[in-house]
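Participant: The structure's right below; bear with me while I get my questions together.
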Amino acid sequence: MASRLANNACGDGRPGHGMNRRALLRVGSVGLVGLSLPHLLQQQARAAKNPAPHPSFGRAKSCILIFLKGGPSHLDTFDPKPAAPAEIRGEFGVIPTNVPDIQFSEHVPCLAGQVDKFTVVRSLTHRDNGHPSAAYEMTTGHAYPRGMNLAEISTREDHPHIGSSVAALDRGKCAMPPFALVPDYLVVNGQFRSGQNAGFLGNRFDPLVPHGDPSRDDFRPGDLGLGEPVEADRLRDRRALLSDLNGRLARPVSASPLSEMDSYREKAFSLLETGLTRRAFDLQAEPLAVRERYGRNFFGQSVLLGRRLLEAGVRLVHVNCMSSIFGGDKNWDTHKDNFNLLRQILLPRTDRAIAALVADLSASGLLDETLVVVTGEFGRTPKINPNAGRDHWPQVFSVLLAGGGLSGGRTFGSSDKHGASPASSPVTSSELAATIFHALGIDPHSQLTTQVGRPWQISDARPVVELWA
């Protein structure tokens with residue numbers, strides 16, 4: 001009824017000013033209890049503007065974003081083209097997955113055995129061909145506004161990472177920091193890449209970053225205030241003393257530097273009091289067999305750490321898979337020797353760790369309330385270059401999604417026969433970001449205030465709710 005009224009549909013089918021008899025009777029009955037016709041129309045207009053959310057809204061309590069920095073080849077992983085010519089098909093064969101009619105590369109057997117838990121989006125697309133700005137677009141949901149190369153240097157004019165927007169909207173709701181980035185920021189050639197922190201929202205919404213190598217026996221997260229434990233009574237005394245001193249300081253309520261310091265202080269005390277963060281970073285508490293399943297390497301243990309942070313209550317965990325993960329000279333930017341790098345190092349470690357993550361989340365019951373996203377900044381060229389490599393290709397690539405109420409065992413969208421462009425249901429980077437917000441129960445059109453007081457809408461895209469069909 002509300003939709004018919006909103007569209008001004010008449011009982012006799014004519015457009016215009018009238019209502020059908022049932023609508024008029026409803027208006028009359030509502031008027032008897034004190035709601036006038038103008039008020040009714042106002043409510044109907046609001047309902048039309050803000051319809052009831054899709055059943056998928058808020059299905060996830062948390063999200064883990066695994067970012068394969070450099071751009072993995074979709075043709076050699078999750079969207080193989082076995083019928084294509086050799087110069088496009090490449091060296092790898094395909095294997096069946098545990099879902100009929102879905103094939104993966106032969107070098108991701110662990111993930112192939114769990115496709116019933118995944119939705120494979122084979123139609124991601126955007127226009128940015130440069131690593132810094134394309135990564136920015138994938139992690140913020142916004143195109144980089146100032147030129148591709150400038151994205152190599154982070155500034156407080158950048159759009160915030162998706163996780164920072166979540167942190168700003170979720171502030172004060174839980175003891176744990178809402179956003180963590182593991183194991184470290186992307187720094188390339190000495191430059192801190194844009195799109196990894198809170199940007200123009202201000203540093204209070206930057207991620208928790210442990211630094212260091214979680215695969216080392218002596219791993220200790222740095223700069224988190226997680227040294228030796230402080231007794232609860234002493235901690236409360238310190239907190240009371242600081243509160244008393246701050247109360248004696250005459251300062252304007254709106255003094256932003258002091259307000260931010262208060263925010264940091266409260267966060268630090270909360271982390272120390274709960275002990276959640278300390279326990280989450282204690283990988284030694286994991287059984288040896290579990291650590292082995294993820295792989296006793298930099299990436300495998302980073303993914304395991306990401307899982308522990310989710311379990312401790314972090315809303316969004318970003319795990320970087322970057323050059324330093326593989327020793328500095330091997331990464332997903334496979335302009336040369338693509339097939340050897342994928343076969344020997346990149347795919348075995350990635351396949352093992354992500355499969356272990358999904359299996360653990362599924363076994364614990366957390367998968368249904370955790371959205372898993374596996375992506376890079378773009379894909380690779382369909383045609384193999386003279387150096388046995390593939391070059392940058394944002395026109396179409398694949399993203400793996402699991403959990404968050406998704407049914408799994410299906411593909412969404414498709415690329416053409418050579419993996420060169422979307423053939424159906426294209427999904428943009430901004431739509432992917434809106435979908436993450438939607439799954440977390442956050443309206444993608446929510447507004448925040450920047451550090452200089454300007455209103456800003458976190459997304460202007462629609463979530464792809466068809467993923468839950």
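Scheme for the structure tokens: letters A, B, ... for chains in order shown; per-chain residue numbers from 1; ligand numbers from 1 in order shown.
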Determine, for each residue of stretch 267-348 of chain A having at least one atom at most 8 Å from an atom of stretch 211-219 of chain A, the closest pair of atoms and their separation in Å to one decimal, counting only C-alpha atoms; order by chain and ascending number, as CSV.

Facilitator:
```
residue,atom,partner,partner_atom,distance
A:Leu283,CA,A:Pro214,CA,7.6
A:Gln284,CA,A:Asp217,CA,7.9
A:Arg296,CA,A:Ser215,CA,6.0
A:Asn297,CA,A:Ser215,CA,5.5
A:Phe298,CA,A:Ser215,CA,5.2
A:Gly300,CA,A:Ser215,CA,7.9
A:Gln301,CA,A:Ser215,CA,5.4
A:Ser302,CA,A:Pro214,CA,6.0
A:Leu305,CA,A:Pro214,CA,7.4
```

Participant: Which residues are close to A:Val374, i.e. within 7 Å by only C-alpha atoms, leaving aside same-chain residues fewer than 6 positions away? Reply as a list in words.

Facilitator: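 In the requested form, the answer reads Leu65, Ile66, Phe67, Val399, Leu400 and Leu401 of chain A.
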
Participant: Can those selected residues be exported to a file as a compact mmCIF listing (two decimals), in the first residue's frame so that it contains C-alpha atoms?

Facilitator:
```txt
# COMPACT_ATOMS: atom_id res chain seq x y z
CA LEU A 65 39.93 -8.14 4.34
CA ILE A 66 42.92 -10.04 2.96
CA PHE A 67 44.70 -7.76 0.54
CA VAL A 399 37.33 -11.39 -5.51
CA LEU A 400 36.56 -14.17 -3.04
CA LEU A 401 33.77 -13.62 -0.49
```

Participant: Using DSSP on the backbone, list every residue of stretch 273-324 of chain A that comes out as strand (DSSP E), and give them as a VMD selection string.

Facilitator: chain A and resid 316 to 321

Participant: Env of stretch 189-202 of chain A: 7 Å cut, atoms = only C-alpha atoms, seq-sep filter 2 positions within chain, self excluded. Answer as a list in words.

Facilitator: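 My reading of the contact set: Pro132, Tyr136, Thr139, Thr140, Ala151, Glu152, Ile153, Ser154, Thr155, Arg156, Glu157, Asp158, His159, Pro160, His161, Ser164, Leu186, Val187, Arg204, Phe205, Asp206, Pro207, Thr450 and Gln451 of chain A.
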
Participant: So that I can check the surroundings of stretch 93-104 of chain A, please list as a list of chain:residue names every protein, DNA and RNA residue that reaches within 10 Å of it, counting only C-alpha atoms and ignoring chain neighbours fewer than 5 positions away.

Facilitator: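 These residues fall inside the cut-off: A:His74, A:Leu75, A:Asp76, A:Thr77, A:Phe78, A:Asp79, A:Pro80, A:Lys81, A:Pro82, A:Pro109, A:Cys110, A:Leu111, A:Ala112, A:Gly113, A:Gln114, A:Val115, A:Asp116, A:Lys117, A:Val120, A:Gly408, A:Gly409, A:Arg410, A:Thr411.
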
Participant: Please produce a file of those selected residues containing C-alpha atoms, as a CSV table (one decimal), in the first residue's frame.

Facilitator:
```csv
chain,number,residue,atom,x,y,z
A,74,HIS,CA,42.6,-13.9,-12.0
A,75,LEU,CA,43.3,-16.3,-14.9
A,76,ASP,CA,45.8,-18.3,-12.9
A,77,THR,CA,43.7,-18.5,-9.7
A,78,PHE,CA,39.9,-18.2,-9.5
A,79,ASP,CA,38.8,-17.6,-13.1
A,80,PRO,CA,40.8,-19.9,-15.3
A,81,LYS,CA,40.2,-20.1,-19.1
A,82,PRO,CA,41.1,-23.7,-20.1
A,109,PRO,CA,43.7,-27.1,-4.0
A,110,CYS,CA,42.9,-26.2,-0.4
A,111,LEU,CA,40.5,-23.4,-1.5
A,112,ALA,CA,39.1,-25.6,-4.3
A,113,GLY,CA,38.0,-27.9,-1.5
A,114,GLN,CA,36.1,-25.2,0.2
A,115,VAL,CA,34.3,-23.5,-2.7
A,116,ASP,CA,31.0,-24.4,-1.1
A,117,LYS,CA,31.7,-21.7,1.5
A,120,VAL,CA,33.5,-16.1,-6.3
A,408,GLY,CA,28.5,-20.0,-0.8
A,409,GLY,CA,29.1,-22.5,-3.6
A,410,ARG,CA,28.5,-20.1,-6.4
A,411,THR,CA,30.0,-17.6,-8.8
```

Participant: Can you work out which one of A:Ser56, A:Ser362, A:Ser459, A:Ser323 has the shortest atom-to-atom distance to A:Leu346, counting only C-alpha atoms?

Facilitator: A:Ser323

Participant: Could you name the residues that touch A:Lys336 at 12 Å or less, counting only C-alpha atoms, but leaving out those on the same chain fewer than 3 positions away, as a CSV table (one decimal) with N, CA and C atoms, in the first residue's frame?

Facilitator:
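Written output follows (out_10.csv):
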```csv
chain,number,residue,atom,x,y,z
A,330,LYS,N,59.8,-11.0,-4.0
A,330,LYS,CA,58.8,-11.8,-4.6
A,330,LYS,C,57.4,-11.2,-4.1
A,331,ASN,N,56.6,-11.0,-5.1
A,331,ASN,CA,55.3,-10.4,-4.8
A,331,ASN,C,54.3,-10.7,-5.9
A,332,TRP,N,53.1,-10.2,-5.7
A,332,TRP,CA,52.0,-10.5,-6.7
A,332,TRP,C,52.1,-9.6,-8.0
A,333,ASP,N,53.0,-8.7,-8.1
A,333,ASP,CA,53.2,-7.9,-9.3
A,333,ASP,C,54.1,-8.6,-10.3
A,339,PHE,N,54.5,-17.6,-13.7
A,339,PHE,CA,54.1,-18.9,-13.3
A,339,PHE,C,54.9,-19.6,-12.3
A,340,ASN,N,56.3,-19.4,-12.4
A,340,ASN,CA,57.1,-19.9,-11.3
A,340,ASN,C,56.9,-19.3,-10.0
A,341,LEU,N,56.7,-18.0,-9.9
A,341,LEU,CA,56.4,-17.3,-8.7
A,341,LEU,C,55.1,-17.8,-8.1
A,342,LEU,N,54.1,-17.9,-8.9
A,342,LEU,CA,52.8,-18.4,-8.4
A,342,LEU,C,52.9,-19.8,-7.9
A,380,ARG,N,45.5,-9.3,-13.8
A,380,ARG,CA,46.6,-9.3,-14.7
A,380,ARG,C,46.1,-9.5,-16.1
A,384,ILE,N,49.9,-13.2,-22.1
A,384,ILE,CA,51.2,-13.3,-21.4
A,384,ILE,C,52.3,-12.5,-22.2
A,385,ASN,N,53.1,-11.7,-21.5
A,385,ASN,CA,54.1,-10.9,-22.1
A,385,ASN,C,55.4,-11.7,-22.4
A,386,PRO,N,56.3,-11.1,-23.1
A,386,PRO,CA,57.6,-11.8,-23.5
A,386,PRO,C,58.4,-12.3,-22.3
A,387,ASN,N,58.2,-11.7,-21.1
A,387,ASN,CA,58.9,-12.1,-20.0
A,387,ASN,C,58.2,-13.2,-19.1
A,388,ALA,N,57.3,-13.9,-19.8
A,388,ALA,CA,56.5,-15.0,-19.1
A,388,ALA,C,55.8,-14.4,-17.9
A,389,GLY,N,55.4,-13.1,-18.1
A,389,GLY,CA,54.6,-12.5,-17.0
A,389,GLY,C,53.3,-11.9,-17.5
A,390,ARG,N,52.5,-11.4,-16.6
A,390,ARG,CA,51.3,-10.7,-17.0
A,390,ARG,C,51.3,-9.3,-16.3
A,391,ASP,N,50.8,-8.3,-17.0
A,391,ASP,CA,50.8,-6.9,-16.6
A,391,ASP,C,49.5,-6.5,-15.9
A,392,HIS,N,49.5,-5.2,-15.5
A,392,HIS,CA,48.3,-4.7,-14.8
A,392,HIS,C,47.0,-4.8,-15.6
```

Participant: Counting only C-alpha atoms, what is within 10 Å of A:Ala469, bar same-chain residues fewer than 2 positions away, as a list in words?

Facilitator: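 Contacts, in chain order: Ser56, Leu406, Ser407, Val465, Glu466 and Leu467 of chain A.
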
Participant: For A:Gly163, which of A:Gly58, A:Gly141, A:Gly130, A:Gly147 is the closest residue, counting only C-alpha atoms?

Facilitator: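 Using only C-alpha atoms, the shortest distance to A:Gly163 belongs to A:Gly141.
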
Participant: Do you have the atom CA of A:Ala353-atom CA of A:Ser430 distance handy?

Facilitator: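 Atom CA of A:Ala353 sits 27.0 Å away from atom CA of A:Ser430.
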
Participant: Write out as a ChimeraX atom specification the residues lying within 6 Å of A:Lys69, counting only C-alpha atoms and excluding same-chain residues fewer than 3 positions away.

Facilitator: /A:321-322,376

Participant: Determine which residues of stretch 46-134 of chain A DSSP labels as alpha helix (DSSP H) from the backbone of this structure, then write them out as a list in words.

Facilitator: Arg46, Ala47, Ala48, Lys49, Ala86, Glu87, Ile88, Arg89, Pro109, Cys110, Leu111, Ala112, His131, Pro132, Ser133 and Ala134 of chain A

Participant: Using only C-alpha atoms, which of the listed residues (A:Leu181, A:Ala312, A:Ile458, A:Ala359) sits closest to A:Ile442?

Facilitator: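 Nearest candidate to A:Ile442 out of A:Leu181, A:Ala312, A:Ile458, A:Ala359: A:Ile458.
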
Participant: What does the distance from atom CA of A:Leu208 to atom CA of A:Asp184 come to in Å, to one decimal?

Facilitator: 9.5 Å

Participant: Of the candidates A:Arg349, A:Arg122, A:His54, A:Arg59, which one gets nearest to A:Phe412 if we count only C-alpha atoms?

Facilitator: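 Using only C-alpha atoms, the shortest distance to A:Phe412 belongs to A:Arg122.
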
Participant: What does the structure give for the distance between atom CA of A:Ala420 and atom CA of A:Gly379, in Å to one decimal?

Facilitator: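 For atom CA of A:Ala420 relative to atom CA of A:Gly379, the distance reads 9.7 Å.
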